[in-house]
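Here is the file work34.pdb (PDB, C-alpha atoms, pLDDT in the B column).
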MODEL        1
ATOM      1  CA  MET A  18       0.000   0.000   0.000  1.00 97.00           C
ATOM      2  CA  LYS A  19       1.044   3.629  -0.354  1.00 98.00           C
ATOM      3  CA  ALA A  20       1.940   5.744   2.677  1.00 98.00           C
ATOM      4  CA  LEU A  21       3.773   8.937   3.609  1.00 98.00           C
ATOM      5  CA  VAL A  22       7.102   7.830   5.081  1.00 98.00           C
ATOM      6  CA  TYR A  23       9.585   9.832   7.153  1.00 98.00           C
ATOM      7  CA  HIS A  24      13.268   9.405   6.244  1.00 97.00           C
ATOM      8  CA  GLY A  25      14.832  12.151   8.334  1.00 96.00           C
ATOM      9  CA  PRO A  26      14.592  15.924   8.762  1.00 97.00           C
ATOM     10  CA  PHE A  27      13.062  17.525   5.660  1.00 97.00           C
ATOM     11  CA  GLN A  28      12.842  14.112   3.972  1.00 97.00           C
ATOM     12  CA  VAL A  29       9.443  12.470   3.420  1.00 97.00           C
ATOM     13  CA  ALA A  30       8.150  10.416   0.509  1.00 98.00           C
ATOM     14  CA  VAL A  31       5.022   8.643  -0.639  1.00 98.00           C
ATOM     15  CA  GLU A  32       6.058   5.050  -1.218  1.00 97.00           C
ATOM     16  CA  GLU A  33       5.000   1.423  -0.971  1.00 98.00           C
ATOM     17  CA  VAL A  34       5.011  -0.094   2.527  1.00 97.00           C
ATOM     18  CA  PRO A  35       3.734  -3.423   3.902  1.00 97.00           C
ATOM     19  CA  GLU A  36       0.028  -3.674   4.716  1.00 97.00           C
ATOM     20  CA  PRO A  37      -0.696  -3.509   8.462  1.00 98.00           C
ATOM     21  CA  LYS A  38      -1.796  -6.737  10.140  1.00 98.00           C
ATOM     22  CA  LEU A  39      -3.818  -7.472  13.245  1.00 98.00           C
ATOM     23  CA  GLU A  40      -1.487  -8.031  16.213  1.00 97.00           C
ATOM     24  CA  ALA A  41      -3.957  -8.362  19.085  1.00 97.00           C
ATOM     25  CA  GLU A  42      -7.596  -9.239  19.694  1.00 98.00           C
ATOM     26  CA  THR A  43      -8.305  -5.561  20.385  1.00 97.00           C
ATOM     27  CA  ASP A  44      -6.880  -4.327  17.045  1.00 98.00           C
ATOM     28  CA  ALA A  45      -8.748  -3.052  14.005  1.00 98.00           C
ATOM     29  CA  ILE A  46      -7.509  -2.282  10.508  1.00 98.00           C
ATOM     30  CA  VAL A  47      -9.018   0.901   9.070  1.00 98.00           C
ATOM     31  CA  GLN A  48      -9.148   1.694   5.369  1.00 98.00           C
ATOM     32  CA  VAL A  49      -8.354   5.424   5.398  1.00 98.00           C
ATOM     33  CA  GLU A  50     -10.879   7.649   3.680  1.00 98.00           C
ATOM     34  CA  LEU A  51      -9.322  10.976   4.659  1.00 98.00           C
ATOM     35  CA  ALA A  52      -6.174  11.947   6.579  1.00 98.00           C
ATOM     36  CA  ALA A  53      -4.976  15.366   7.690  1.00 96.00           C
ATOM     37  CA  ILE A  54      -1.625  17.030   8.312  1.00 95.00           C
ATOM     38  CA  CYS A  55      -1.274  18.377  11.859  1.00 93.00           C
ATOM     39  CA  GLY A  56       1.030  21.198  12.859  1.00 90.00           C
ATOM     40  CA  SER A  57       2.863  18.706  15.060  1.00 92.00           C
ATOM     41  CA  ASP A  58       3.650  16.645  11.950  1.00 95.00           C
ATOM     42  CA  LEU A  59       5.710  19.621  10.853  1.00 94.00           C
ATOM     43  CA  HIS A  60       7.743  19.325  14.067  1.00 95.00           C
ATOM     44  CA  ILE A  61       8.655  15.804  12.959  1.00 97.00           C
ATOM     45  CA  TYR A  62       9.427  17.021   9.442  1.00 96.00           C
ATOM     46  CA  HIS A  63      11.775  19.637  10.870  1.00 96.00           C
ATOM     47  CA  GLY A  64      13.548  16.992  12.970  1.00 94.00           C
ATOM     48  CA  LYS A  65      12.412  18.393  16.326  1.00 94.00           C
ATOM     49  CA  ILE A  66      10.779  15.212  17.696  1.00 94.00           C
ATOM     50  CA  ALA A  67      13.256  12.700  19.120  1.00 92.00           C
ATOM     51  CA  GLY A  68      12.722   9.007  18.497  1.00 94.00           C
ATOM     52  CA  VAL A  69      10.903   9.161  15.165  1.00 96.00           C
ATOM     53  CA  LEU A  70      12.853   6.587  13.193  1.00 95.00           C
ATOM     54  CA  PRO A  71      13.407   6.636   9.443  1.00 96.00           C
ATOM     55  CA  GLY A  72      10.714   4.473   7.867  1.00 96.00           C
ATOM     56  CA  THR A  73       7.936   5.709  10.175  1.00 97.00           C
ATOM     57  CA  VAL A  74       4.579   6.310   8.509  1.00 98.00           C
ATOM     58  CA  LEU A  75       3.343   9.734   9.597  1.00 98.00           C
ATOM     59  CA  GLY A  76      -0.106  11.045  10.504  1.00 97.00           C
ATOM     60  CA  HIS A  77      -2.516  10.853  13.425  1.00 97.00           C
ATOM     61  CA  GLU A  78      -5.741  12.439  12.127  1.00 97.00           C
ATOM     62  CA  PHE A  79      -7.954  10.148  10.050  1.00 98.00           C
ATOM     63  CA  VAL A  80     -11.395   8.949   9.072  1.00 98.00           C
ATOM     64  CA  GLY A  81     -11.999   5.575   7.518  1.00 98.00           C
ATOM     65  CA  ARG A  82     -13.843   2.287   7.441  1.00 98.00           C
ATOM     66  CA  ILE A  83     -13.098  -0.850   9.486  1.00 98.00           C
ATOM     67  CA  VAL A  84     -12.048  -3.643   7.134  1.00 98.00           C
ATOM     68  CA  GLU A  85     -10.513  -6.101   9.615  1.00 98.00           C
ATOM     69  CA  LYS A  86     -10.897  -6.510  13.355  1.00 98.00           C
ATOM     70  CA  GLY A  87     -10.025  -8.668  16.304  1.00 98.00           C
ATOM     71  CA  PRO A  88     -12.717 -10.549  18.249  1.00 98.00           C
ATOM     72  CA  LEU A  89     -12.757  -7.968  21.073  1.00 97.00           C
ATOM     73  CA  VAL A  90     -13.559  -5.034  18.789  1.00 98.00           C
ATOM     74  CA  PRO A  91     -17.270  -4.153  19.161  1.00 97.00           C
ATOM     75  CA  PHE A  92     -17.683  -2.315  15.853  1.00 98.00           C
ATOM     76  CA  PRO A  93     -19.042  -4.185  12.813  1.00 98.00           C
ATOM     77  CA  LEU A  94     -16.961  -4.553   9.691  1.00 98.00           C
ATOM     78  CA  GLY A  95     -17.663  -1.664   7.359  1.00 97.00           C
ATOM     79  CA  GLU A  96     -18.322   0.826  10.175  1.00 98.00           C
ATOM     80  CA  ARG A  97     -17.159   4.357   9.348  1.00 98.00           C
ATOM     81  CA  VAL A  98     -15.067   5.759  12.174  1.00 98.00           C
ATOM     82  CA  VAL A  99     -12.913   8.678  13.219  1.00 98.00           C
ATOM     83  CA  GLY A 100      -9.701   7.838  15.005  1.00 97.00           C
ATOM     84  CA  SER A 101      -8.461   9.525  18.135  1.00 95.00           C
ATOM     85  CA  PHE A 102      -4.933  10.826  17.644  1.00 95.00           C
ATOM     86  CA  GLN A 103      -4.089   9.180  20.943  1.00 92.00           C
ATOM     87  CA  VAL A 104      -4.385   5.454  21.532  1.00 96.00           C
ATOM     88  CA  ALA A 105      -5.529   4.471  25.021  1.00 96.00           C
ATOM     89  CA  CYS A 106      -6.254   1.032  26.419  1.00 96.00           C
ATOM     90  CA  GLY A 107      -9.204   2.069  28.589  1.00 94.00           C
ATOM     91  CA  ASP A 108      -8.278  -0.360  31.373  1.00 94.00           C
ATOM     92  CA  CYS A 109      -5.059   0.789  33.065  1.00 96.00           C
ATOM     93  CA  PRO A 110      -5.164   2.878  36.279  1.00 96.00           C
ATOM     94  CA  ALA A 111      -4.738   6.151  34.365  1.00 95.00           C
ATOM     95  CA  CYS A 112      -7.485   5.325  31.881  1.00 95.00           C
ATOM     96  CA  ARG A 113      -9.855   4.310  34.676  1.00 95.00           C
ATOM     97  CA  LYS A 114      -9.396   7.832  36.072  1.00 93.00           C
ATOM     98  CA  GLY A 115     -10.156   9.322  32.659  1.00 90.00           C
ATOM     99  CA  GLN A 116      -6.524  10.336  32.206  1.00 91.00           C
ATOM    100  CA  TYR A 117      -6.169   8.762  28.775  1.00 91.00           C
ATOM    101  CA  PHE A 118      -3.170  10.929  27.952  1.00 88.00           C
ATOM    102  CA  ALA A 119      -1.241   9.019  30.636  1.00 92.00           C
ATOM    103  CA  CYS A 120      -2.261   5.541  29.443  1.00 95.00           C
ATOM    104  CA  LEU A 121       0.414   3.025  30.380  1.00 93.00           C
ATOM    105  CA  LYS A 122      -0.049   1.108  27.124  1.00 94.00           C
ATOM    106  CA  GLY A 123      -1.008   3.887  24.738  1.00 91.00           C
ATOM    107  CA  GLY A 124       0.690   6.172  22.286  1.00 95.00           C
ATOM    108  CA  VAL A 125       0.205   8.500  19.337  1.00 96.00           C
ATOM    109  CA  PHE A 126       0.078   7.371  15.722  1.00 97.00           C
ATOM    110  CA  GLY A 127       3.218   8.158  13.740  1.00 97.00           C
ATOM    111  CA  PHE A 128       5.078   9.814  16.610  1.00 96.00           C
ATOM    112  CA  GLY A 129       8.009   7.531  17.262  1.00 94.00           C
ATOM    113  CA  LEU A 130       9.495   5.519  20.074  1.00 94.00           C
ATOM    114  CA  ALA A 131       8.504   7.812  22.932  1.00 89.00           C
ATOM    115  CA  LEU A 132       4.810   7.503  22.074  1.00 93.00           C
ATOM    116  CA  GLY A 133       4.320   3.836  21.263  1.00 93.00           C
ATOM    117  CA  ASN A 134       6.191   3.605  17.949  1.00 94.00           C
ATOM    118  CA  LEU A 135       2.871   3.197  16.106  1.00 97.00           C
ATOM    119  CA  GLN A 136       2.694   3.543  12.339  1.00 97.00           C
ATOM    120  CA  GLY A 137       0.661   6.542  11.243  1.00 97.00           C
ATOM    121  CA  ALA A 138      -2.501   7.133   9.269  1.00 98.00           C
ATOM    122  CA  GLN A 139      -1.286   9.067   6.232  1.00 98.00           C
ATOM    123  CA  ALA A 140      -1.594   5.768   4.440  1.00 98.00           C
ATOM    124  CA  GLU A 141      -4.135   3.616   2.685  1.00 98.00           C
ATOM    125  CA  ARG A 142      -4.609   1.517   5.841  1.00 98.00           C
ATOM    126  CA  VAL A 143      -3.701   1.861   9.500  1.00 98.00           C
ATOM    127  CA  ARG A 144      -3.677  -0.581  12.414  1.00 98.00           C
ATOM    128  CA  VAL A 145      -5.563   0.791  15.413  1.00 98.00           C
ATOM    129  CA  PRO A 146      -4.696  -0.792  18.788  1.00 97.00           C
ATOM    130  CA  PHE A 147      -7.389  -0.803  21.480  1.00 97.00           C
ATOM    131  CA  ALA A 148      -9.965   0.017  18.805  1.00 98.00           C
ATOM    132  CA  ARG A 149     -12.859  -0.107  21.271  1.00 97.00           C
ATOM    133  CA  GLN A 150     -11.409   2.936  23.014  1.00 95.00           C
ATOM    134  CA  SER A 151      -9.626   4.642  20.119  1.00 96.00           C
ATOM    135  CA  LEU A 152     -12.269   4.671  17.379  1.00 97.00           C
ATOM    136  CA  PHE A 153     -15.655   6.408  17.281  1.00 97.00           C
ATOM    137  CA  ALA A 154     -18.490   5.680  14.856  1.00 98.00           C
ATOM    138  CA  ILE A 155     -19.516   8.596  12.616  1.00 98.00           C
ATOM    139  CA  GLY A 156     -22.325   7.128  10.509  1.00 96.00           C
ATOM    140  CA  ASP A 157     -22.915   9.271   7.420  1.00 96.00           C
ATOM    141  CA  LEU A 158     -21.144  12.370   8.740  1.00 96.00           C
ATOM    142  CA  PRO A 159     -18.930  13.845   5.990  1.00 97.00           C
ATOM    143  CA  ALA A 160     -15.294  12.923   6.447  1.00 97.00           C
ATOM    144  CA  GLU A 161     -14.223  16.586   6.231  1.00 96.00           C
ATOM    145  CA  GLU A 162     -16.307  17.317   9.345  1.00 95.00           C
ATOM    146  CA  ALA A 163     -15.690  14.128  11.315  1.00 97.00           C
ATOM    147  CA  ILE A 164     -11.914  14.323  11.008  1.00 96.00           C
ATOM    148  CA  LEU A 165     -11.867  17.465  13.143  1.00 95.00           C
ATOM    149  CA  ALA A 166     -12.972  15.487  16.198  1.00 94.00           C
ATOM    150  CA  GLY A 167      -9.886  13.286  16.306  1.00 93.00           C
ATOM    151  CA  ASP A 168      -7.376  15.950  17.321  1.00 94.00           C
ATOM    152  CA  ILE A 169      -8.126  19.552  16.316  1.00 93.00           C
ATOM    153  CA  LEU A 170     -11.403  19.915  18.193  1.00 94.00           C
ATOM    154  CA  THR A 171     -10.144  17.991  21.208  1.00 91.00           C
ATOM    155  CA  THR A 172      -7.082  20.235  21.414  1.00 93.00           C
ATOM    156  CA  ALA A 173      -9.287  23.321  21.352  1.00 95.00           C
ATOM    157  CA  TYR A 174     -11.705  21.845  23.881  1.00 94.00           C
ATOM    158  CA  GLY A 175      -8.889  20.952  26.247  1.00 91.00           C
ATOM    159  CA  GLY A 176      -7.593  24.510  26.102  1.00 92.00           C
ATOM    160  CA  VAL A 177     -10.952  26.060  26.970  1.00 97.00           C
ATOM    161  CA  ARG A 178     -13.285  23.764  28.887  1.00 94.00           C
ATOM    162  CA  PRO A 179     -11.312  23.292  32.142  1.00 94.00           C
ATOM    163  CA  PHE A 180     -10.859  27.037  32.590  1.00 96.00           C
ATOM    164  CA  LEU A 181     -14.129  28.576  31.382  1.00 97.00           C
ATOM    165  CA  SER A 182     -17.194  29.454  33.392  1.00 96.00           C
ATOM    166  CA  PRO A 183     -20.310  30.860  31.710  1.00 97.00           C
ATOM    167  CA  GLY A 184     -20.126  34.604  31.179  1.00 97.00           C
ATOM    168  CA  MET A 185     -16.322  34.823  31.209  1.00 97.00           C
ATOM    169  CA  SER A 186     -14.679  36.967  28.544  1.00 97.00           C
ATOM    170  CA  VAL A 187     -12.150  35.190  26.355  1.00 97.00           C
ATOM    171  CA  ALA A 188      -9.349  36.243  24.008  1.00 98.00           C
ATOM    172  CA  VAL A 189      -8.181  33.664  21.491  1.00 98.00           C
ATOM    173  CA  VAL A 190      -4.814  34.508  19.961  1.00 97.00           C
ATOM    174  CA  GLY A 191      -4.786  33.069  16.455  1.00 96.00           C
ATOM    175  CA  SER A 192      -7.751  32.087  14.313  1.00 97.00           C
ATOM    176  CA  GLY A 193      -6.358  29.101  12.479  1.00 94.00           C
ATOM    177  CA  PRO A 194      -8.224  25.770  12.696  1.00 93.00           C
ATOM    178  CA  VAL A 195      -7.540  25.241  16.415  1.00 95.00           C
ATOM    179  CA  GLY A 196      -8.161  28.882  17.285  1.00 97.00           C
ATOM    180  CA  LEU A 197     -11.488  28.948  15.458  1.00 97.00           C
ATOM    181  CA  MET A 198     -12.544  25.784  17.228  1.00 97.00           C
ATOM    182  CA  ALA A 199     -11.493  27.228  20.564  1.00 98.00           C
ATOM    183  CA  GLN A 200     -13.826  30.110  19.826  1.00 98.00           C
ATOM    184  CA  MET A 201     -16.618  27.715  18.899  1.00 98.00           C
ATOM    185  CA  VAL A 202     -16.122  25.832  22.162  1.00 97.00           C
ATOM    186  CA  ALA A 203     -16.135  29.076  24.154  1.00 98.00           C
ATOM    187  CA  HIS A 204     -19.367  30.226  22.529  1.00 98.00           C
ATOM    188  CA  ALA A 205     -20.993  26.813  22.995  1.00 97.00           C
ATOM    189  CA  LEU A 206     -20.092  26.767  26.702  1.00 97.00           C
ATOM    190  CA  GLY A 207     -21.636  30.166  27.378  1.00 97.00           C
ATOM    191  CA  ALA A 208     -18.692  32.556  27.268  1.00 97.00           C
ATOM    192  CA  GLY A 209     -19.315  36.297  27.275  1.00 96.00           C
ATOM    193  CA  GLN A 210     -17.428  38.376  24.728  1.00 97.00           C
ATOM    194  CA  VAL A 211     -14.930  36.351  22.700  1.00 98.00           C
ATOM    195  CA  TYR A 212     -12.097  38.290  21.051  1.00 98.00           C
ATOM    196  CA  ALA A 213     -10.378  36.795  18.009  1.00 98.00           C
ATOM    197  CA  ILE A 214      -6.870  38.190  17.547  1.00 98.00           C
ATOM    198  CA  ASP A 215      -5.208  37.450  14.214  1.00 98.00           C
ATOM    199  CA  PRO A 216      -3.337  39.442  11.534  1.00 97.00           C
ATOM    200  CA  GLU A 217      -5.093  37.705   8.609  1.00 97.00           C
ATOM    201  CA  GLU A 218      -8.376  39.267   7.521  1.00 97.00           C
ATOM    202  CA  THR A 219      -9.688  36.066   5.961  1.00 97.00           C
ATOM    203  CA  ARG A 220      -9.344  34.307   9.314  1.00 97.00           C
ATOM    204  CA  LEU A 221     -10.956  37.206  11.128  1.00 97.00           C
ATOM    205  CA  GLU A 222     -13.921  37.003   8.772  1.00 98.00           C
ATOM    206  CA  LYS A 223     -14.415  33.373   9.784  1.00 97.00           C
ATOM    207  CA  ALA A 224     -14.107  34.340  13.443  1.00 98.00           C
ATOM    208  CA  ALA A 225     -16.693  37.098  13.048  1.00 98.00           C
ATOM    209  CA  ALA A 226     -19.068  34.614  11.413  1.00 98.00           C
ATOM    210  CA  LEU A 227     -18.841  32.545  14.619  1.00 97.00           C
ATOM    211  CA  GLY A 228     -19.848  35.541  16.734  1.00 97.00           C
ATOM    212  CA  SER A 229     -16.361  36.543  17.888  1.00 98.00           C
ATOM    213  CA  LEU A 230     -15.104  40.130  17.882  1.00 97.00           C
ATOM    214  CA  PRO A 231     -12.220  40.355  15.384  1.00 97.00           C
ATOM    215  CA  VAL A 232      -9.081  42.275  16.352  1.00 97.00           C
ATOM    216  CA  ASN A 233      -6.285  42.726  13.821  1.00 98.00           C
ATOM    217  CA  PRO A 234      -2.929  43.506  15.521  1.00 97.00           C
ATOM    218  CA  LYS A 235      -1.696  45.047  12.271  1.00 96.00           C
ATOM    219  CA  ALA A 236      -4.380  47.719  12.575  1.00 96.00           C
ATOM    220  CA  GLU A 237      -4.563  48.280  16.332  1.00 96.00           C
ATOM    221  CA  ASP A 238      -3.010  47.307  19.660  1.00 96.00           C
ATOM    222  CA  PRO A 239      -5.043  44.288  20.797  1.00 96.00           C
ATOM    223  CA  VAL A 240      -4.064  44.755  24.457  1.00 95.00           C
ATOM    224  CA  ALA A 241      -5.220  48.376  24.440  1.00 95.00           C
ATOM    225  CA  ARG A 242      -8.426  47.396  22.652  1.00 95.00           C
ATOM    226  CA  VAL A 243      -9.277  44.687  25.167  1.00 95.00           C
ATOM    227  CA  ARG A 244      -8.417  46.864  28.170  1.00 95.00           C
ATOM    228  CA  LYS A 245     -10.558  49.693  26.819  1.00 93.00           C
ATOM    229  CA  GLU A 246     -13.559  47.429  26.381  1.00 91.00           C
ATOM    230  CA  THR A 247     -13.142  45.756  29.782  1.00 93.00           C
ATOM    231  CA  GLN A 248     -12.620  48.930  31.850  1.00 92.00           C
ATOM    232  CA  GLY A 249      -8.954  48.093  32.226  1.00 94.00           C
ATOM    233  CA  LEU A 250      -9.545  44.633  33.682  1.00 93.00           C
ATOM    234  CA  GLY A 251      -8.624  42.562  30.644  1.00 95.00           C
ATOM    235  CA  VAL A 252     -10.266  39.294  29.716  1.00 97.00           C
ATOM    236  CA  ASP A 253     -10.917  36.434  32.105  1.00 97.00           C
ATOM    237  CA  LEU A 254      -9.258  33.818  29.900  1.00 97.00           C
ATOM    238  CA  VAL A 255      -6.587  33.953  27.195  1.00 97.00           C
ATOM    239  CA  VAL A 256      -6.163  30.990  24.840  1.00 96.00           C
ATOM    240  CA  ALA A 257      -2.997  31.048  22.750  1.00 91.00           C
TER     241      ALA A 257
ENDMDL
END

Will you turn the file into structure tokens for me?
Amino acid sequence: MKALVYHGPFQVAVEEVPEPKLEAETDAIVQVELAAICGSDLHIYHGKIAGVLPGTVLGHEFVGRIVEKGPLVPFPLGERVVGSFQVACGDCPACRKGQYFACLKGGVFGFGLALGNLQGAQAERVRVPFARQSLFAIGDLPAEEAILAGDILTTAYGGVRPFLSPGMSVAVVGSGPVGLMAQMVAHALGAGQVYAIDPEETRLEKAAALGSLPVNPKAEDPVARVRKETQGLGVDLVVA
């Protein structure tokens, strides 16, 4: 099958690699319908992530269809799923506390030795360990929408939800994909005024469409603007 393979800093190539195989009863093989490139993939590309060996298939954001599965995987064959960027077993002490990021058996797809040495999802197929915990059914949801839930939306949610109470004012610095989703999360959770700070007008237009107040640092001092509108207090929460 074809996959995007890392060969060292600034060296990646689409090439033929062996098909993934089931290795445990909790594994599933997913035929990838859509994969995305995360900003953290660029850290690997630039050689800034230790332990990513040459030959590693990159990518940890994907949507696809289950084509093979172990007997302990509850999804039916053919189920469309979105993958979590992070694999978690669901049974270790950390997982039982809901601390999936600290799973003793988990990892991150395509992120090298320090994070499980799992092959990534920028490929035609990917093996998903602990599929019961690491895959989520999406039904007929378009792949372009579902793929956001695997990493981008969860990153934004994690940066907002633990710190936000209804009515709090929020400033989000940057209105790229994660920043826009952070704004969406803030609005959905009942934030007061949400400021979107970004130097690109096209991004600010998207932010304004979400109900955020756009602030372009090329045109004005965002700190002065926020202080003026909050009687010098500033916002309650900054997400950057």

Taking the file above as input, evaluate the PyMOL selection byres ((chain A and resi 54) around 12) and report the hits as a PDB file with C-alpha atoms, in the coordinates of the input.
ATOM      1  CA  LEU A  21       3.773   8.937   3.609  1.00 98.00           C
ATOM      2  CA  LEU A  51      -9.322  10.976   4.659  1.00 98.00           C
ATOM      3  CA  ALA A  52      -6.174  11.947   6.579  1.00 98.00           C
ATOM      4  CA  ALA A  53      -4.976  15.366   7.690  1.00 96.00           C
ATOM      5  CA  CYS A  55      -1.274  18.377  11.859  1.00 93.00           C
ATOM      6  CA  GLY A  56       1.030  21.198  12.859  1.00 90.00           C
ATOM      7  CA  SER A  57       2.863  18.706  15.060  1.00 92.00           C
ATOM      8  CA  ASP A  58       3.650  16.645  11.950  1.00 95.00           C
ATOM      9  CA  LEU A  59       5.710  19.621  10.853  1.00 94.00           C
ATOM     10  CA  HIS A  60       7.743  19.325  14.067  1.00 95.00           C
ATOM     11  CA  ILE A  61       8.655  15.804  12.959  1.00 97.00           C
ATOM     12  CA  TYR A  62       9.427  17.021   9.442  1.00 96.00           C
ATOM     13  CA  LEU A  75       3.343   9.734   9.597  1.00 98.00           C
ATOM     14  CA  GLY A  76      -0.106  11.045  10.504  1.00 97.00           C
ATOM     15  CA  HIS A  77      -2.516  10.853  13.425  1.00 97.00           C
ATOM     16  CA  GLU A  78      -5.741  12.439  12.127  1.00 97.00           C
ATOM     17  CA  PHE A  79      -7.954  10.148  10.050  1.00 98.00           C
ATOM     18  CA  PHE A 102      -4.933  10.826  17.644  1.00 95.00           C
ATOM     19  CA  GLY A 127       3.218   8.158  13.740  1.00 97.00           C
ATOM     20  CA  GLY A 137       0.661   6.542  11.243  1.00 97.00           C
ATOM     21  CA  ALA A 138      -2.501   7.133   9.269  1.00 98.00           C
ATOM     22  CA  GLN A 139      -1.286   9.067   6.232  1.00 98.00           C
ATOM     23  CA  ALA A 140      -1.594   5.768   4.440  1.00 98.00           C
ATOM     24  CA  ILE A 164     -11.914  14.323  11.008  1.00 96.00           C
ATOM     25  CA  LEU A 165     -11.867  17.465  13.143  1.00 95.00           C
ATOM     26  CA  ASP A 168      -7.376  15.950  17.321  1.00 94.00           C
ATOM     27  CA  ILE A 169      -8.126  19.552  16.316  1.00 93.00           C
ATOM     28  CA  PRO A 194      -8.224  25.770  12.696  1.00 93.00           C
TER      29      PRO A 194
END

Review point. Quick one: which residues end up in the PyMOL selection byres ((chain A and resi 223) around 12) for this structure, as JSON, numbers by chain?
Key: {"A": [191, 192, 193, 194, 196, 197, 198, 200, 201, 213, 214, 215, 217, 218, 219, 220, 221, 222, 224, 225, 226, 227, 228, 229, 230, 231]}

Exercise for review: Give me the residues within 10 Å of Pro88 (chain A) as a PyMOL selection string, counting all atoms listed in the file and dropping any in the same chain fewer than 3 places off.
Suggested key: chain A and resi 41-45+85+91-92

**Study point:** Expansion of the PyMOL selection byres ((chain A and resi 80) around 9) into residues, as a ChimeraX atom specification
**Key:** /A:47-52,78-79,81-82,97-100,155,160-161,163-164,167

Next, write the just-selected residues to a file, as an mmCIF file, in the coordinates of the input, keeping C-alpha atoms as the atom set.
data_model
loop_
_atom_site.group_PDB
_atom_site.id
_atom_site.type_symbol
_atom_site.label_atom_id
_atom_site.label_comp_id
_atom_site.auth_asym_id
_atom_site.auth_seq_id
_atom_site.Cartn_x
_atom_site.Cartn_y
_atom_site.Cartn_z
ATOM 1 C CA VAL A 47 -9.018 0.901 9.070
ATOM 2 C CA GLN A 48 -9.148 1.694 5.369
ATOM 3 C CA VAL A 49 -8.354 5.424 5.398
ATOM 4 C CA GLU A 50 -10.879 7.649 3.680
ATOM 5 C CA LEU A 51 -9.322 10.976 4.659
ATOM 6 C CA ALA A 52 -6.174 11.947 6.579
ATOM 7 C CA GLU A 78 -5.741 12.439 12.127
ATOM 8 C CA PHE A 79 -7.954 10.148 10.050
ATOM 9 C CA GLY A 81 -11.999 5.575 7.518
ATOM 10 C CA ARG A 82 -13.843 2.287 7.441
ATOM 11 C CA ARG A 97 -17.159 4.357 9.348
ATOM 12 C CA VAL A 98 -15.067 5.759 12.174
ATOM 13 C CA VAL A 99 -12.913 8.678 13.219
ATOM 14 C CA GLY A 100 -9.701 7.838 15.005
ATOM 15 C CA ILE A 155 -19.516 8.596 12.616
ATOM 16 C CA ALA A 160 -15.294 12.923 6.447
ATOM 17 C CA GLU A 161 -14.223 16.586 6.231
ATOM 18 C CA ALA A 163 -15.690 14.128 11.315
ATOM 19 C CA ILE A 164 -11.914 14.323 11.008
ATOM 20 C CA GLY A 167 -9.886 13.286 16.306
#

Using only the atoms of region 71-76 of chain A listed in the file, plus 4 Å on each side, state the axis-aligned box centre and edge lengths in Å rounded to one decimal, as AutoDock Vina command-line options.
--center_x 6.7 --center_y 7.8 --center_z 9.2 --size_x 21.5 --size_y 14.6 --size_z 10.6

Check your understanding: List as an NGL selection string: which residues have an atom within 9 Å of (15.0, 6.9, 17.2), counting all atoms listed in the file?
Key -> :A and (67-71 or 129-131)

Point to revise | Given only C-alpha atoms as the counted atoms, nearest of A:Val190, A:Val177, A:Val252, A:Ala154 to Ala205 (chain A) | key: A:Val177

Env of Phe180 (chain A): 10 Å cut, atoms = all atoms listed in the file, seq-sep filter 4 positions within chain, self excluded. Answer as a CSV table (one decimal) with C-alpha atoms, in the coordinates of the input.
chain,number,residue,atom,x,y,z
A,175,GLY,CA,-8.9,21.0,26.2
A,176,GLY,CA,-7.6,24.5,26.1
A,185,MET,CA,-16.3,34.8,31.2
A,253,ASP,CA,-10.9,36.4,32.1
A,254,LEU,CA,-9.3,33.8,29.9
A,255,VAL,CA,-6.6,34.0,27.2
A,256,VAL,CA,-6.2,31.0,24.8

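We find CA of Gly107 (chain A) and CA of Leu135 (chain A) to be spaced 17.4 Å apart.
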
Write only C-alpha atoms for region 50-63 of chain A from the block just shown, as a PDB file, in the first residue's frame.
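Output file part_16.pdb is given in full below:
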ATOM      1  CA  GLU A  50     -10.879   7.649   3.680  1.00  0.00           C
ATOM      2  CA  LEU A  51      -9.322  10.976   4.659  1.00  0.00           C
ATOM      3  CA  ALA A  52      -6.174  11.947   6.579  1.00  0.00           C
ATOM      4  CA  ALA A  53      -4.976  15.366   7.690  1.00  0.00           C
ATOM      5  CA  ILE A  54      -1.625  17.030   8.312  1.00  0.00           C
ATOM      6  CA  CYS A  55      -1.274  18.377  11.859  1.00  0.00           C
ATOM      7  CA  GLY A  56       1.030  21.198  12.859  1.00  0.00           C
ATOM      8  CA  SER A  57       2.863  18.706  15.060  1.00  0.00           C
ATOM      9  CA  ASP A  58       3.650  16.645  11.950  1.00  0.00           C
ATOM     10  CA  LEU A  59       5.710  19.621  10.853  1.00  0.00           C
ATOM     11  CA  HIS A  60       7.743  19.325  14.067  1.00  0.00           C
ATOM     12  CA  ILE A  61       8.655  15.804  12.959  1.00  0.00           C
ATOM     13  CA  TYR A  62       9.427  17.021   9.442  1.00  0.00           C
ATOM     14  CA  HIS A  63      11.775  19.637  10.870  1.00  0.00           C
TER      15      HIS A  63
END
